[in-house]
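S.K.: So here's target.txt (compact mmCIF, C-alpha atoms).
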```
# COMPACT_ATOMS: atom_id res chain seq x y z
CA LEU T 98 -35.70 -53.78 -22.39
CA SER T 99 -36.58 -53.94 -18.72
CA ILE T 100 -33.00 -55.04 -17.90
CA HIS T 101 -31.55 -52.13 -19.87
CA SER T 102 -33.94 -49.67 -18.24
CA ARG T 103 -33.02 -50.91 -14.75
CA LEU T 104 -29.28 -50.71 -15.60
CA PHE T 105 -29.68 -47.20 -16.96
CA GLY T 106 -31.55 -46.18 -13.81
CA LYS T 107 -28.74 -47.49 -11.59
CA VAL T 108 -26.11 -45.63 -13.62
CA ASN T 109 -28.15 -42.45 -13.39
CA VAL T 110 -28.49 -42.76 -9.61
CA THR T 111 -24.76 -43.47 -9.24
CA PHE T 112 -23.92 -40.44 -11.37
CA CYS T 113 -26.16 -38.23 -9.24
CA ILE T 114 -24.48 -39.50 -6.06
CA LEU T 115 -21.02 -38.79 -7.53
CA VAL T 116 -22.09 -35.29 -8.56
CA LYS T 117 -23.41 -34.59 -5.06
CA GLN T 118 -20.21 -35.92 -3.48
CA LEU T 119 -18.09 -33.88 -5.87
CA SER T 120 -20.03 -30.71 -5.13
CA MET T 121 -19.70 -31.39 -1.41
CA VAL T 122 -15.93 -31.76 -1.81
CA ASN T 123 -15.82 -28.47 -3.70
CA VAL T 124 -17.77 -26.76 -0.95
CA VAL T 125 -15.40 -28.10 1.71
CA VAL T 126 -12.34 -27.06 -0.30
CA CYS T 127 -13.75 -23.57 -0.84
CA LEU T 128 -14.60 -23.18 2.85
CA VAL T 129 -11.13 -24.30 3.95
CA ALA T 130 -9.40 -22.02 1.43
CA TYR T 131 -11.65 -19.10 2.36
CA HIS T 132 -10.86 -19.37 6.07
CA ILE T 133 -7.12 -19.77 5.45
CA PHE T 134 -7.03 -16.59 3.37
CA PHE T 135 -9.27 -14.82 5.87
CA MET T 136 -7.16 -15.78 8.90
CA LEU T 137 -3.89 -14.77 7.22
CA PHE T 138 -5.46 -11.52 6.06
CA VAL T 139 -6.72 -10.63 9.56
CA TRP T 140 -3.44 -11.71 11.19
CA SER T 141 -1.25 -9.59 8.93
CA TYR T 142 -3.67 -6.65 9.16
CA TRP T 143 -3.61 -6.86 12.96
CA LYS T 144 0.20 -6.96 13.05
CA THR T 145 0.45 -3.99 10.67
CA ILE T 146 -1.86 -1.90 12.85
CA PHE T 147 -0.59 -2.79 16.32
CA THR T 148 3.15 -3.14 15.71
CA LEU T 149 4.70 0.05 17.05
CA PRO T 150 7.08 1.82 14.66
CA MET T 151 10.69 1.66 15.78
CA ASN T 152 12.44 4.88 16.77
CA PRO T 153 16.18 5.66 16.70
CA SER T 154 18.16 4.28 19.63
CA LYS T 155 19.55 6.54 22.34
CA GLU T 156 22.99 6.73 20.74
CA PHE T 157 21.47 8.99 18.05
CA HIS T 158 20.00 11.42 20.59
CA LEU T 159 22.08 14.47 21.44
CA SER T 160 23.55 14.67 24.90
CA TYR T 161 22.58 17.51 27.21
CA SER T 162 25.84 19.33 26.55
CA ASP T 163 25.44 18.97 22.78
CA LYS T 164 21.90 20.35 22.98
CA GLU T 165 23.16 23.38 24.92
CA SER T 166 25.98 23.91 22.45
CA LEU T 167 23.55 23.67 19.54
CA GLU T 168 21.22 26.23 21.11
CA ARG T 169 24.06 28.66 21.84
CA GLU T 170 25.58 28.51 18.39
CA PRO T 171 24.06 30.62 15.61
CA ARG T 172 22.58 28.76 12.71
CA GLY T 173 25.07 27.79 10.04
CA GLU T 174 28.49 26.19 9.98
CA SER T 175 28.96 26.42 13.75
CA GLN T 176 25.85 24.30 14.36
CA GLN T 177 27.00 21.81 11.75
CA GLU T 178 30.31 21.50 13.57
CA VAL T 179 28.44 20.53 16.75
CA LEU T 180 26.41 17.95 14.81
CA ARG T 181 29.52 16.57 13.10
CA ARG T 182 31.15 16.01 16.49
CA ALA T 183 28.02 14.27 17.76
CA ALA T 184 27.75 12.07 14.66
CA LYS T 185 31.40 11.21 14.07
CA ASP T 186 31.09 7.74 15.66
CA LEU T 187 27.64 7.00 14.25
CA PRO T 188 27.03 4.86 11.13
CA ILE T 189 25.56 7.75 9.13
CA TYR T 190 26.31 8.17 5.45
CA THR T 191 23.37 10.16 4.08
CA ARG T 192 23.13 13.93 4.10
CA THR T 193 20.67 16.70 3.37
CA MET T 194 20.47 18.31 -0.06
CA SER T 195 22.99 20.93 1.09
CA GLY T 196 25.38 18.26 2.38
CA ALA T 197 24.62 18.88 6.06
CA ILE T 198 24.07 16.32 8.83
CA ARG T 199 20.43 15.18 8.92
CA TYR T 200 19.12 16.48 12.26
CA CYS T 201 15.56 16.46 13.64
CA ASP T 202 14.93 19.60 15.69
CA ARG T 203 11.68 18.16 17.08
CA CYS T 204 13.11 14.88 18.38
CA HIS T 205 16.57 16.38 19.03
CA LEU T 206 18.47 13.56 17.39
CA VAL T 207 20.76 12.87 14.49
CA LYS T 208 18.70 10.97 11.97
CA PRO T 209 19.95 7.49 11.05
CA ASP T 210 20.07 6.57 7.37
CA ARG T 211 16.58 6.07 5.86
CA CYS T 212 14.94 7.55 8.98
CA HIS T 213 12.34 10.32 8.60
CA HIS T 214 10.14 12.35 10.91
CA CYS T 215 6.41 11.58 10.63
CA SER T 216 4.28 14.66 11.03
CA VAL T 217 1.25 12.56 12.00
CA CYS T 218 2.97 10.45 14.67
CA ASP T 219 5.27 13.38 15.58
CA LYS T 220 8.30 11.12 15.93
CA CYS T 221 11.18 9.84 13.86
CA ILE T 222 10.53 6.43 12.28
CA LEU T 223 13.28 4.01 11.26
CA LYS T 224 13.25 3.23 7.51
CA MET T 225 9.97 5.07 7.15
CA ASP T 226 8.00 4.18 4.03
CA HIS T 227 4.82 6.19 4.54
CA HIS T 228 2.06 6.88 7.05
CA CYS T 229 -0.88 4.70 6.02
CA PRO T 230 -4.39 5.95 6.91
CA TRP T 231 -5.85 2.49 6.16
CA VAL T 232 -3.99 1.02 9.11
CA ASN T 233 -3.67 4.28 11.09
CA ASN T 234 0.01 3.60 11.60
CA CYS T 235 3.40 4.42 10.17
CA VAL T 236 4.80 1.76 7.87
CA GLY T 237 8.50 1.38 8.52
CA PHE T 238 11.24 -1.04 9.48
CA SER T 239 9.30 -2.82 12.23
CA ASN T 240 6.11 -3.57 10.25
CA TYR T 241 6.97 -3.28 6.55
CA LYS T 242 6.96 -7.07 6.11
CA PHE T 243 3.52 -7.23 7.78
CA PHE T 244 2.26 -4.49 5.46
CA LEU T 245 3.44 -6.43 2.39
CA LEU T 246 1.76 -9.62 3.61
CA PHE T 247 -1.39 -7.64 4.39
CA LEU T 248 -1.49 -6.44 0.78
CA ALA T 249 -0.78 -9.94 -0.55
CA TYR T 250 -3.39 -11.75 1.53
CA SER T 251 -6.05 -9.08 1.07
CA LEU T 252 -5.49 -9.35 -2.70
CA LEU T 253 -5.77 -13.16 -2.60
CA TYR T 254 -8.87 -12.85 -0.39
CA CYS T 255 -10.60 -10.50 -2.83
CA LEU T 256 -9.59 -12.57 -5.87
CA PHE T 257 -10.91 -15.73 -4.23
CA ILE T 258 -14.26 -14.09 -3.44
CA ALA T 259 -14.57 -12.66 -6.96
CA ALA T 260 -13.72 -16.03 -8.54
CA THR T 261 -16.19 -18.03 -6.45
CA ASP T 262 -18.92 -15.42 -6.94
CA LEU T 263 -18.42 -15.11 -10.70
CA GLN T 264 -20.76 -17.94 -11.74
CA TYR T 265 -23.61 -16.52 -9.65
CA PHE T 266 -22.88 -13.03 -10.96
CA ILE T 267 -23.31 -14.36 -14.52
CA LYS T 268 -26.56 -16.07 -13.52
CA PHE T 269 -27.78 -12.75 -12.12
CA TRP T 270 -27.59 -11.14 -15.56
CA THR T 271 -29.05 -14.17 -17.30
CA ASN T 272 -31.98 -14.37 -14.87
CA GLY T 273 -30.78 -17.72 -13.58
CA LEU T 274 -31.15 -16.81 -9.91
CA PRO T 275 -34.33 -16.86 -7.81
CA ASP T 276 -36.00 -13.48 -7.54
CA THR T 277 -34.93 -12.72 -3.96
CA GLN T 278 -32.91 -10.02 -2.23
CA ALA T 279 -29.91 -12.38 -2.15
CA LYS T 280 -29.13 -11.74 -5.81
CA PHE T 281 -28.42 -8.07 -5.07
CA HIS T 282 -26.02 -9.14 -2.34
CA ILE T 283 -24.25 -11.31 -4.88
CA MET T 284 -23.94 -8.41 -7.31
CA PHE T 285 -22.58 -6.05 -4.63
CA LEU T 286 -20.12 -8.66 -3.36
CA PHE T 287 -18.68 -9.27 -6.82
CA PHE T 288 -18.28 -5.58 -7.64
CA ALA T 289 -16.65 -4.82 -4.27
CA ALA T 290 -14.23 -7.76 -4.52
CA ALA T 291 -13.34 -6.97 -8.14
CA MET T 292 -12.70 -3.27 -7.50
CA PHE T 293 -10.57 -3.93 -4.41
CA SER T 294 -8.64 -6.56 -6.40
CA VAL T 295 -7.74 -4.01 -9.07
CA SER T 296 -6.55 -1.37 -6.58
CA LEU T 297 -4.72 -3.88 -4.37
CA SER T 298 -2.95 -5.51 -7.31
CA SER T 299 -1.47 -2.18 -8.40
CA LEU T 300 -0.42 -1.25 -4.85
CA PHE T 301 1.03 -4.70 -4.14
CA GLY T 302 2.91 -4.71 -7.45
CA TYR T 303 4.38 -1.30 -6.67
CA HIS T 304 5.66 -2.42 -3.26
CA CYS T 305 7.07 -5.63 -4.75
CA TRP T 306 9.06 -3.41 -7.10
CA LEU T 307 10.23 -1.33 -4.11
CA VAL T 308 11.44 -4.47 -2.31
CA SER T 309 13.30 -5.69 -5.41
CA LYS T 310 15.12 -2.33 -5.60
CA ASN T 311 15.51 -1.91 -1.81
CA LYS T 312 13.75 1.44 -1.83
CA SER T 313 11.06 3.06 0.25
CA THR T 314 8.23 5.20 -1.05
CA LEU T 315 9.95 8.33 0.28
CA GLU T 316 13.23 7.35 -1.40
CA VAL T 317 11.48 7.05 -4.76
CA PHE T 318 10.34 10.67 -4.56
CA ARG T 319 13.67 11.86 -3.12
CA ALA T 320 16.72 9.70 -3.69
CA PRO T 321 19.11 9.33 -0.73
CA ILE T 322 22.03 11.75 -0.78
CA PHE T 323 25.36 10.27 0.30
CA ARG T 324 28.52 12.20 1.01
CA HIS T 325 29.81 11.68 -2.49
CA ARG T 326 26.59 12.32 -4.43
CA THR T 327 22.95 11.37 -4.82
CA ASP T 328 22.55 7.65 -5.48
CA LYS T 329 19.04 6.32 -6.05
CA ASN T 330 20.33 2.72 -5.86
CA GLY T 331 22.68 3.28 -2.94
CA PHE T 332 21.02 0.67 -0.72
CA SER T 333 20.35 -1.94 -3.40
CA LEU T 334 22.38 -5.15 -2.96
CA GLY T 335 20.75 -7.20 -5.71
CA PHE T 336 17.33 -8.83 -5.88
CA SER T 337 18.06 -11.81 -3.60
CA LYS T 338 19.69 -9.77 -0.84
CA ASN T 339 17.09 -7.03 -1.07
CA LEU T 340 14.38 -9.65 -0.59
CA ARG T 341 16.15 -11.22 2.38
CA GLN T 342 16.62 -7.84 4.03
CA VAL T 343 12.83 -7.55 4.35
CA PHE T 344 11.79 -11.20 4.79
CA GLY T 345 14.85 -12.66 6.50
CA ASP T 346 17.08 -15.66 5.88
CA GLU T 347 14.66 -18.37 7.01
CA LYS T 348 12.15 -19.02 4.24
CA LYS T 349 9.74 -20.84 6.57
CA TYR T 350 8.79 -17.45 8.05
CA TRP T 351 8.40 -15.56 4.78
CA LEU T 352 4.65 -16.15 4.40
CA LEU T 353 3.83 -15.69 8.09
CA PRO T 354 3.31 -12.28 9.70
CA VAL T 355 6.11 -12.76 12.24
CA PHE T 356 9.07 -10.40 12.38
CA SER T 357 12.06 -11.83 10.51
CA SER T 358 13.63 -8.77 8.83
CA LEU T 359 17.40 -8.42 9.01
CA GLY T 360 19.26 -5.70 10.85
CA ASP T 361 18.44 -3.16 13.53
CA GLY T 362 16.82 -0.46 11.39
CA CYS T 363 19.51 2.10 12.26
CA SER T 364 22.14 1.03 9.71
CA PHE T 365 22.00 -0.69 6.36
CA PRO T 366 24.53 -2.23 3.99
CA THR T 367 25.19 0.17 1.15
CA CYS T 368 26.46 -0.12 -2.39
CA LEU T 369 28.61 2.98 -2.63
CA VAL T 370 29.97 4.37 -5.88
CA ASN T 371 32.95 6.73 -6.11
CA GLN T 372 33.56 6.68 -2.40
CA ASP T 373 35.03 9.93 -1.10
CA PRO T 374 38.00 10.19 1.31
CA GLU T 375 35.82 11.14 4.29
CA GLN T 376 34.02 7.81 4.24
CA ALA T 377 35.37 4.73 5.91
CA SER T 378 37.80 2.61 3.95
CA THR T 379 36.55 -0.61 2.49
CA PRO T 380 37.92 -3.97 3.65
CA GLY T 381 41.02 -5.27 1.97
CA GLY T 382 40.31 -6.79 -1.38
CA LEU T 383 37.26 -4.63 -2.06
CA ASN T 384 39.10 -1.69 -3.59
CA SER T 385 38.15 -1.50 -7.23
CA THR T 386 40.53 -0.65 -10.01
CA SER T 387 37.66 1.02 -11.82
CA LYS T 388 36.07 4.11 -10.32
CA ASN T 389 32.67 3.13 -11.60
CA GLU T 390 32.60 -0.36 -10.12
CA ASN T 391 30.05 -0.91 -7.36
CA HIS T 392 31.18 -2.56 -4.15
CA LEU T 393 29.35 -3.58 -1.01
CA PHE T 394 30.12 -1.67 2.13
CA PRO T 395 28.97 -2.53 5.65
CA ALA T 396 27.61 0.74 6.99
CA LYS T 397 27.87 -0.58 10.56
CA PRO T 398 28.65 -3.83 12.36
CA LEU T 399 25.44 -5.68 11.63
CA ARG T 400 23.69 -8.38 13.58
CA ASP T 401 24.74 -11.89 12.64
CA SER T 402 21.58 -12.33 10.56
CA GLN T 403 22.17 -9.22 8.46
CA SER T 404 25.88 -9.91 8.02
CA HIS T 405 24.85 -12.77 5.69
CA LEU T 406 23.97 -10.10 3.13
CA LEU T 407 27.67 -9.41 2.75
CA THR T 408 28.94 -12.99 2.57
CA ASP T 409 29.99 -12.67 -1.05
CA THR T 410 32.60 -10.08 -0.08
CA PRO T 411 35.97 -11.10 1.36
CA SER T 412 36.12 -10.69 5.12
CA TRP T 413 39.04 -9.02 6.84
CA SER T 414 40.67 -9.89 10.13
CA GLU T 415 40.61 -7.80 13.25
CA THR T 416 44.31 -7.05 12.91
CA SER T 417 43.91 -5.69 9.42
CA ALA T 418 40.99 -3.58 10.59
CA LYS T 419 43.16 -2.14 13.34
CA ALA T 420 45.89 -1.42 10.82
CA GLU T 421 43.43 0.47 8.64
CA LYS T 422 42.22 2.31 11.70
CA GLY T 423 45.77 3.52 12.37
CA LYS T 424 45.99 4.86 8.84
CA VAL T 425 42.67 6.62 8.74
CA GLY T 426 42.39 7.73 12.36
CA MET T 427 39.58 7.76 14.86
CA SER T 428 37.39 9.75 12.49
CA ASN T 429 36.69 6.51 10.60
CA PRO T 430 33.15 5.69 11.85
CA ALA T 431 32.75 2.24 10.34
CA LEU T 432 36.00 0.83 11.74
CA THR T 433 35.48 2.56 15.08
CA MET T 434 32.07 0.93 15.47
CA GLU T 435 33.49 -2.35 14.18
CA ASN T 436 36.09 -2.58 16.94
CA GLU T 437 33.64 -1.60 19.65
CA THR T 438 31.58 -4.77 19.17
```
In structure tokens, write the structure found in this file.

M.R.:
Amino acid sequence: LSIHSRLFGKVNVTFCILVKQLSMVNVVVCLVAYHIFFMLFVWSYWKTIFTLPMNPSKEFHLSYSDKESLEREPRGESQQEVLRRAAKDLPIYTRTMSGAIRYCDRCHLVKPDRCHHCSVCDKCILKMDHHCPWVNNCVGFSNYKFFLLFLAYSLLYCLFIAATDLQYFIKFWTNGLPDTQAKFHIMFLFFAAAMFSVSLSSLFGYHCWLVSKNKSTLEVFRAPIFRHRTDKNGFSLGFSKNLRQVFGDEKKYWLLPVFSSLGDGCSFPTCLVNQDPEQASTPGGLNSTSKNENHLFPAKPLRDSQSHLLTDTPSWSETSAKAEKGKVGMSNPALTMENET
């Protein structure tokens, strides 16, 4: 009996030591995970706030002579003729609801595609999504990836806090906690984390849907108007390419708040339907026999990184591009810009 009692005592002590070690491991794992989520959350939040929104390049600003001509001409078709001359070599394919050139009379520039004027910042923002009061900054081309990561890591941060606080929150209602002020802190922490998790999950899910469709918040409320007609999916290239346009080609940077988006923010690949004669001709081999077939169209010579989005389309040689240019004339903006680079 004494031998059995001593053996049982040793097993009990060993079990207690294992439980203590296991709890210590859990504490270490929770602390490491907490600080990883916290650091990524702060990093992405910082980048979203302090990354300056990108503005249209100088080629979209009117020259001094064009400004004078625009001021002299009465409003109407004569002003549009001045804007058409200024925009004929620019990669612009969207129009106003009346079919006119999109012009900002405050910034005195021809608006690039997906560019909008922010009334809060009082400037035109490339691929503007919205002006966010939570970060006191415009969310656009330069910081949209950071904004998405900020939503993702803040959601993970709140979910982690709610999950680790849940057992103590249950003990609060079952009177399993010591009667101190700390139990009210536990209750407040759980409610705050849970409520922020609900709101962040809906907002993050909405922006994930926007990325999958290659849309901005403004484009959801007002679909982009191309020369041929309104096309709510005009910039969508498919889920994979839409994702890479925001996060880039190198997957090692996707989860880090470092800039890796493709393109320059002034021009975007488009998926045009029923292309009209005024628009640039498509490369050889892309002409569809069916009028309703979608085809990819490079709106402008893109940087090498963004040109990967169009790799599934047959490329055309410089000689064939020049031949097309001779047929269409210098009014063909896409081929003109193509041969300039």

S.K.: Could you please determine the separation between atom CA of T:Lys164 and atom CA of T:Pro150 in Å, to one decimal place?

M.R.: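 A separation of 25.1 Å between them.
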
S.K.: Would you kindly return, as a ChimeraX atom specification, each protein, DNA or RNA residue with an atom no farther than 9 Å from any atom of T:Ala289, considering only C-alpha atoms and excluding same-chain residues fewer than 4 positions away?

M.R.: /T:255,259,284-285,293-294

S.K.: Identify, on the basis of all atoms listed in the file, every residue whose closest approach to T:Lys329 does not exceed 10 Å; exclude the query and any residue fewer than 2 positions from it along the same chain; express the result as a ChimeraX atom specification.

M.R.: /T:310-312,316-323,326-327,331-333

S.K.: Taking into account all atoms listed in the file, which residue in the set T:Cys305, T:Phe147, T:Thr367, T:Ile222 is nearest to T:Leu334?

M.R.: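 Going through T:Cys305, T:Phe147, T:Thr367, T:Ile222 one by one, the smallest distance to T:Leu334 is for T:Thr367.
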
S.K.: Compile the contact shell of stretch 203-210 of chain T as a list in words: residues with an atom at most 9 Å away, counting all atoms listed in the file, same-chain residues fewer than 5 positions apart removed.

M.R.: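 That gives Pro153, Lys155, Glu156, Phe157, His158, Leu159, Lys164, Leu180, Ala183, Ala184, Leu187, Pro188, Ile189, Tyr190, Thr191, Arg192, Ile198, Asp219, Lys220, Cys221, Leu223, Lys224, Pro321, Gly362, Cys363, Ser364 and Phe365 of chain T.
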
S.K.: Kindly give the distance, in Å, that separates atom CA of T:Pro230 and atom CA of T:His132, rounded to a single decimal.

M.R.: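 One can read the atom CA of T:Pro230 to atom CA of T:His132 distance as 26.1 Å.
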
S.K.: Could you give me, as a ChimeraX atom specification, the residues that have an atom at most 10 Å away from the point (-22.0, -10.8, -2.9) in the coordinates of the file, using all atoms listed in the file?

M.R.: /T:258-259,261-263,265-266,279-290

S.K.: Could those selected residues go to a file with C-alpha atoms, as a compact mmCIF listing (two decimals), keeping the file's coordinate frame?

M.R.:
```
# COMPACT_ATOMS: atom_id res chain seq x y z
CA ILE T 258 -14.26 -14.09 -3.44
CA ALA T 259 -14.57 -12.66 -6.96
CA THR T 261 -16.19 -18.03 -6.45
CA ASP T 262 -18.92 -15.42 -6.94
CA LEU T 263 -18.42 -15.11 -10.70
CA TYR T 265 -23.61 -16.52 -9.65
CA PHE T 266 -22.88 -13.03 -10.96
CA ALA T 279 -29.91 -12.38 -2.15
CA LYS T 280 -29.13 -11.74 -5.81
CA PHE T 281 -28.42 -8.07 -5.07
CA HIS T 282 -26.02 -9.14 -2.34
CA ILE T 283 -24.25 -11.31 -4.88
CA MET T 284 -23.94 -8.41 -7.31
CA PHE T 285 -22.58 -6.05 -4.63
CA LEU T 286 -20.12 -8.66 -3.36
CA PHE T 287 -18.68 -9.27 -6.82
CA PHE T 288 -18.28 -5.58 -7.64
CA ALA T 289 -16.65 -4.82 -4.27
CA ALA T 290 -14.23 -7.76 -4.52
```

S.K.: Using all atoms listed in the file for the distances, tell me which of T:Trp231, T:Tyr200, T:Phe257, T:Phe238 is nearest to T:Asn152.

M.R.: T:Phe238

S.K.: Work out how far atom CA of T:Tyr350 is from atom CA of T:Cys215, in Å to one decimal.

M.R.: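 Distance between the two atoms: 29.2 Å.
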
S.K.: I want to know what sits within 12 Å of T:Ser141, based on all atoms listed in the file, with residues of the same chain fewer than 6 positions away left out; could you give that as a short mmCIF file (atom, residue, chain, number, x, y, z; two decimals) with C-alpha atoms, in the frame of the given file?

M.R.:
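Result file follows (out.cif):
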```cif
data_model
loop_
_atom_site.label_atom_id
_atom_site.label_comp_id
_atom_site.auth_asym_id
_atom_site.auth_seq_id
_atom_site.Cartn_x
_atom_site.Cartn_y
_atom_site.Cartn_z
CA PHE T 134 -7.03 -16.59 3.37
CA PHE T 135 -9.27 -14.82 5.87
CA PHE T 147 -0.59 -2.79 16.32
CA THR T 148 3.15 -3.14 15.71
CA VAL T 232 -3.99 1.02 9.11
CA ASN T 240 6.11 -3.57 10.25
CA TYR T 241 6.97 -3.28 6.55
CA LYS T 242 6.96 -7.07 6.11
CA PHE T 243 3.52 -7.23 7.78
CA PHE T 244 2.26 -4.49 5.46
CA LEU T 245 3.44 -6.43 2.39
CA LEU T 246 1.76 -9.62 3.61
CA PHE T 247 -1.39 -7.64 4.39
CA LEU T 248 -1.49 -6.44 0.78
CA ALA T 249 -0.78 -9.94 -0.55
CA TYR T 250 -3.39 -11.75 1.53
CA SER T 251 -6.05 -9.08 1.07
CA LEU T 352 4.65 -16.15 4.40
CA LEU T 353 3.83 -15.69 8.09
CA PRO T 354 3.31 -12.28 9.70
CA VAL T 355 6.11 -12.76 12.24
CA PHE T 356 9.07 -10.40 12.38
#
```

S.K.: Kindly indicate which residue among T:Arg211, T:Asp346, T:Cys127, T:Gln278 lies nearest to T:Pro366, using only C-alpha atoms for the distances.

M.R.: T:Arg211

S.K.: Nearest to T:Ser166: which of T:Ala291, T:Cys212, T:Val179, T:Leu315 is it, counting only C-alpha atoms?

M.R.: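 Smallest distance to T:Ser166 is found for T:Val179.
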
S.K.: With all atoms listed in the file as the atoms that count, which of T:Leu128, T:Cys235, T:Leu167, T:Ala197 lies nearest to T:Met151?

M.R.: T:Cys235
